[in-house]
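A short worksheet on the structure shown next.
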Amino acid sequence: MNQKFYVTTPIYYATARPHLGTLYSTVLADIARRWEEQKGTDTFLLTGTDEHGQKIATAAEKAHKDPKSFVDGFIGNYQDVWTQYGIHYNRFIRTTDRYHVTAIQQWLKQLIEQGDIYKGSYEGWYCVPCETYITESASKDPVCPSCGRETKFISEESYFFKLSAYQGRLLAFYEQHPDIITPRERAAEVISFVKGGLKDLSISRTTISWGIPFPGDEQHVTYVWADALNNYITGVGYGDPHRQDEFNRWWPADLHVLGKDIVRFHAVYWPAFLMASGLSLPKRLLVHGWIKMGDQKMSKSLGNAIDPITLGKTYGPDVVRFYLAKHIAVSHDGHFSTESLEHVATSELANELGNLLNRIGVLAHKYGVHEVPADMIWEAQELALRDQCWTMLDDFEVYMDDNSYHMALSVLWKFINQVNAYFHECEPWRVAKDDLTRFTHIIAATAHSLYAIAHCLWPVMPNKMEQLLDALGCTRDSGVDYLTALKEDGWTHRLLIKQSEPLFIKYEQRKPVSDQTQKKQDHVQSASHITIDDVVKLELHVGTIQVCEPLEGSDKLYRLEVDFGNAIGTRQIVAGVKQYFVPNDLIGKQGVFVTNLKPRKMMGIASQGMMLFAKDSDGQFVITTVDKIVPNGTRLQ
Ligand code: MSP
C-alpha cells in the first residue's frame, strides 16, 4: 500500500461566504496535499464548516432565520469556491451532520465515564466572535486579547474538561516533538502559555441551545470548540464502527493547516482531548499568518473582504493560488492588492514562464521541429542547465516538505531565470539558420526544463501546469512518484513541442493620468530638466540578486549580493527595504541598479551601488525590472 497523507483545513464558521483569507487556509492545505501526490502518496483532504455555537445563533437571529437554514444557505458558496479553485477535498464535513453529532456524544460519554469531564460552575468573560473563554490575567478587562472586541461576563453551571491534568504531558510532548508547530516561533508562545498553568476548560453552555446536546444532561449544549476540533477525527470515521478501517488508514493527521488566531485551540486543547481519548496526536500544525488589507486582518465583519469568486473569474484561480503561495510568506502576515497581483501575473507568469513556452513553440515550428527525440547526447551548456535543474529539485523538495512554499517557489523561479538566461545566450533564432542540430538541442533542453518546472508547479497551479504538460505532449497520471522520476531524469525521454495558446495574460500596469496630475507632472518636469550629458553619466545595469540577508543591528537594511555578469562581476549592495520584502521576494529576481554611485559604508558594510524601486499607491515598494530576462550586466540606455 502507498504511503498516506491526511491533511485538514480549519472548518469555517458558516456565517458568511468564504473570502480571500479563508481561501488562503484552504489553498495551503491543497498545495500540501498535491505536493504529497507528486510523490505518489495516497492523500485525504478534509474541509468543512463549523455550524454550532453562539456566534452562529446570533448571526441567524439577525438574519431572521433558524440556525440550521441559516447555515445551509452558505454551504453551496463554500463548495463552489473550493471547486472553482481546484481544491480536491475528499470529504466536506458539517458539524451538524448526524454522524458527527453521534460521535461527539459518544466521545463526551467516554470522557465523563473515565473522569476527564466533571460538572462545576463557570464565571468569567467570554468572547462571542472567537467563541473563547478568556483565561489570561487580562480577564478583568472586558476586551478579548485575541480579537480586541468586547467580551461578555457569563456565569453558569458547566461541565469541565480536566485540562489542568494534561499540563505535564503536553509540555513533554512539545519537547519530544520540537517540529510539531511550524513556524517554530509559534511553539514558544504555546509552551509559555502551558507553562503558565492550565485551568480546566468549560466545555458546555446552558445559556444557548444551538449546539450538540450534552449526553445525559440536555440543559447543556457542547462548547463549540469541543465539538469543532473533533471534526478532524469524525471526518475520517471516528466513532462509526462501519468506518473503522477508514479511521485506521488516515488517523493521525499528517498536517493541520490553521491561522495564527486559532493556535491555542489546536496546540493545547486538541492534543489534550486526544490524549484523554487515547488517540495518537497529529504530526504537524502549519500555522499561517493573516492576509491584511492595510493594517487590518481581512474579514467579513470588518467589511474589507475580497470575494474569491470575482477574483478567480478576473485573473484565473491558478494565478490567485500562485500569488498566495509565492508572495505571502506562510509564517508572516501578507498584504494583498490587485495591482500587485497583476504585476506578478505579468512579470513572473506571462514574461518569465509563459513566454518561454511561447518562444520555443513558435521557433520550433518555424524550423520544423515538432518533437524532442529520446536519448539525446547533451553538450556542456545543456549538461550545466540540467545540473542547475537537479540542484533546484533538491532545494525545492526541502522547502516544500517544510511547507515553506514561498521559499520553494523562489528557488524554482531562480531556475526559471536560469533557463531564460540559457535560452537568451544560446540565441536559437540565429543558430537555426545554419545549424539545425544545435537548434534542436536548445529547444530540447528548454523543453525538458519546462517539463520539470511544470511538475514542480503543479501543486500550486494544477490547471495551468496540466496545459503546459499538454503542450509538451505529456499527461499527468495519479499514483506516480513524479518527484523521484524528476530527480533521476537524465532528460532522455521523448517530448512533443506543440504550439499552444499563451498560458498567461499580461496586464497593463500604468494607470490613466488625470489632467490635473499631468499638469503637476509637466511643472515638476520643466523645473527639473536635465540634459543628455546628465543621463549618460548615470550607469544603470541589470543584475540578478543572488543573496539577500538582514544586516545585523538594522531594522531597515538588507545586504544583497548581485550578479552583474562577467564584465562587472558580483557586487555587494545595501538596500533599505527590509520592511517591504522578505529575502525570498528578492532572491533570484532581476532588478535595475545604479552601478556608478560612489561606494559608501552603511552599518560598517560597503555598498557598491543602489537598487531602484517604485512605490505603489499602498506605499509598498515594487522592484524595478525589465520586461524580459536579459543577460546580467546589460546596461540600460
Ligand atoms: N471555526 C473556527 C475554526 C475551527 S477548526 C476546528 C474558525 N473559523 S473562521 O472561519 O473564523 O476561520 C477559519 C480559518 O480562516 C482560520 O484559520 C483563520 O485564521 C482563517 N482566516 C480568516 N481570515 C483570514 C485572513 N484574513 N487571512 C488568513 N487567514 C484567515 O476560526
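Residue numbering restarts at 1 for every chain of the C-alpha cells, chains are lettered A, B, ... in their displayed order, and ligands are numbered from 1 as they appear.
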Inset, instruction - For ligand 1, collect every residue having any atom at a distance of at most 9 Å from a ligand atom (counting only C-alpha atoms and all ligand atoms); output as a ChimeraX atom specification. - result: /A:9-16,18-26,49-51,129-131,224-232,257-263,265-266,270,287-293,296-300,305,333-334
Inset, instruction - With a distance cut-off of 12 Å and only C-alpha atoms, select the neighbouring residues of range 493-496 of chain A, excluding the residue or stretch itself and same-chain residues fewer than 4 positions from it, and output the selection as a PyMOL selection string. - result: chain A and resi 360-361+364-365+369-377+443-451+468-475+485-486+488-489+500
Could you write those residues out with N, CA and C atoms, as a short mmCIF file (atom, residue, chain, number, x, y, z; two decimals), in the first residue's frame?
data_model
loop_
_atom_site.label_atom_id
_atom_site.label_comp_id
_atom_site.auth_asym_id
_atom_site.auth_seq_id
_atom_site.Cartn_x
_atom_site.Cartn_y
_atom_site.Cartn_z
N ILE A 360 9.62 28.79 -27.50
CA ILE A 360 10.09 27.53 -28.10
C ILE A 360 9.05 27.00 -29.07
N GLY A 361 7.76 27.19 -28.74
CA GLY A 361 6.69 26.71 -29.64
C GLY A 361 6.79 27.38 -31.01
N ALA A 364 10.33 26.54 -32.76
CA ALA A 364 10.47 25.14 -33.17
C ALA A 364 9.62 24.88 -34.41
N HIS A 365 8.41 25.41 -34.40
CA HIS A 365 7.53 25.15 -35.56
C HIS A 365 8.03 25.86 -36.80
N VAL A 369 10.68 21.72 -36.18
CA VAL A 369 10.98 20.79 -35.08
C VAL A 369 9.69 20.58 -34.29
N HIS A 370 9.17 19.35 -34.30
CA HIS A 370 7.89 19.09 -33.63
C HIS A 370 8.03 18.17 -32.44
N GLU A 371 9.21 17.62 -32.27
CA GLU A 371 9.39 16.77 -31.09
C GLU A 371 10.83 16.80 -30.61
N VAL A 372 10.97 16.41 -29.34
CA VAL A 372 12.30 16.27 -28.73
C VAL A 372 12.57 14.78 -28.72
N PRO A 373 13.56 14.30 -29.48
CA PRO A 373 13.77 12.85 -29.51
C PRO A 373 14.29 12.32 -28.18
N ALA A 374 14.05 11.03 -27.94
CA ALA A 374 14.58 10.39 -26.72
C ALA A 374 16.10 10.24 -26.88
N ASP A 375 16.78 10.04 -25.76
CA ASP A 375 18.21 9.71 -25.75
C ASP A 375 19.09 10.67 -26.54
N MET A 376 18.94 11.94 -26.29
CA MET A 376 19.82 12.91 -26.95
C MET A 376 21.18 12.91 -26.26
N ILE A 377 22.20 13.23 -26.97
CA ILE A 377 23.54 13.36 -26.36
C ILE A 377 23.72 14.85 -26.09
N ILE A 443 16.22 23.82 -28.13
CA ILE A 443 14.77 23.66 -27.92
C ILE A 443 14.52 22.51 -26.95
N ALA A 444 15.27 21.41 -27.14
CA ALA A 444 15.06 20.22 -26.32
C ALA A 444 15.39 20.48 -24.85
N ALA A 445 16.52 21.13 -24.60
CA ALA A 445 16.92 21.39 -23.21
C ALA A 445 15.91 22.32 -22.54
N THR A 446 15.41 23.28 -23.30
CA THR A 446 14.42 24.20 -22.74
C THR A 446 13.12 23.44 -22.44
N ALA A 447 12.75 22.54 -23.35
CA ALA A 447 11.52 21.76 -23.15
C ALA A 447 11.65 20.85 -21.93
N HIS A 448 12.80 20.20 -21.77
CA HIS A 448 12.98 19.34 -20.59
C HIS A 448 12.93 20.18 -19.31
N SER A 449 13.49 21.37 -19.36
CA SER A 449 13.43 22.25 -18.18
C SER A 449 11.97 22.59 -17.87
N LEU A 450 11.22 22.90 -18.92
CA LEU A 450 9.81 23.26 -18.71
C LEU A 450 9.02 22.07 -18.15
N TYR A 451 9.41 20.88 -18.56
CA TYR A 451 8.74 19.68 -18.06
C TYR A 451 8.93 19.57 -16.53
N LEU A 468 0.49 23.15 -19.62
CA LEU A 468 1.90 23.21 -20.01
C LEU A 468 2.40 21.81 -20.39
N LEU A 469 2.02 20.82 -19.57
CA LEU A 469 2.44 19.45 -19.88
C LEU A 469 1.83 19.00 -21.20
N ASP A 470 0.59 19.40 -21.44
CA ASP A 470 -0.06 19.03 -22.69
C ASP A 470 0.70 19.61 -23.88
N ALA A 471 1.18 20.84 -23.71
CA ALA A 471 1.94 21.47 -24.80
C ALA A 471 3.24 20.71 -25.07
N LEU A 472 3.69 19.91 -24.07
CA LEU A 472 4.91 19.11 -24.26
C LEU A 472 4.55 17.66 -24.61
N GLY A 473 3.26 17.44 -24.88
CA GLY A 473 2.80 16.11 -25.29
C GLY A 473 2.70 15.13 -24.14
N CYS A 474 2.55 15.64 -22.89
CA CYS A 474 2.52 14.74 -21.72
C CYS A 474 1.19 14.88 -20.99
N THR A 475 0.81 13.82 -20.32
CA THR A 475 -0.32 13.92 -19.40
C THR A 475 0.20 13.60 -18.01
N ALA A 485 11.07 10.46 -10.06
CA ALA A 485 11.34 10.38 -11.50
C ALA A 485 12.10 11.62 -11.98
N LEU A 486 11.71 12.79 -11.49
CA LEU A 486 12.37 14.02 -11.93
C LEU A 486 13.82 14.06 -11.46
N GLU A 488 15.71 11.66 -11.00
CA GLU A 488 16.55 10.69 -11.72
C GLU A 488 16.48 10.93 -13.23
N ASP A 489 15.82 12.00 -13.63
CA ASP A 489 15.56 12.24 -15.05
C ASP A 489 16.82 12.77 -15.74
N SER A 500 0.76 26.25 -28.63
CA SER A 500 -0.47 26.35 -27.85
C SER A 500 -0.79 27.81 -27.56
#
Inset, instruction - Using only C-alpha atoms, determine which residues lie at most 9 Å from range 117-126 of chain A, disregarding the query and same-chain residues fewer than 5 positions distant; provide the list as a ChimeraX atom specification. - result: /A:108-109,111-112,131-135,139-144,150-162,202-203
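The shortest atom-to-atom distance to Leu483 in chain A, with only C-alpha atoms taken into account, belongs to A:Trp35 out of A:Arg571, A:Leu255, A:Thr47, A:Trp35.
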Inset, instruction - With a distance cut-off of 10 Å and only C-alpha atoms, select the neighbouring residues of Arg600 in chain A, excluding the residue or stretch itself and same-chain residues fewer than 4 positions from it, and output the selection as JSON, numbers by chain. - result: {"A": [573, 574, 604, 605, 606, 607, 608, 609]}
Inset, instruction - Go ahead and compute the interatomic distance for CA of Tyr223 in chain A and CA of His52 in chain A, in Å to one decimal. - result: 8.7 Å
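Counting only C-alpha atoms, the residue from A:Lys464, A:Arg186, A:Arg359, A:Lys578 that sits nearest to Phe322 in chain A is A:Lys464.
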Inset, instruction - Enumerate the residues of range 377-534 of chain A with a DSSP assignment of alpha helix (DSSP H), computed from the backbone, and present them as a PyMOL selection string. - result: chain A and resi 380-401+405-426+428-431+436-457+462-471+482-487+515-527+532-534
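Note that CA of Lys39 in chain A and CA of Leu393 in chain A are 12.8 Å apart.
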Legend entry - Selected residue, from A:Ala59, A:Leu163, A:Ala329, A:Ile568, that lies nearest to Ala272 in chain A when counting only C-alpha atoms: A:Leu163
Legend entry - Gap from CA of Ile181 in chain A to CA of Val27 in chain A - Å, one decimal: 19.0 Å
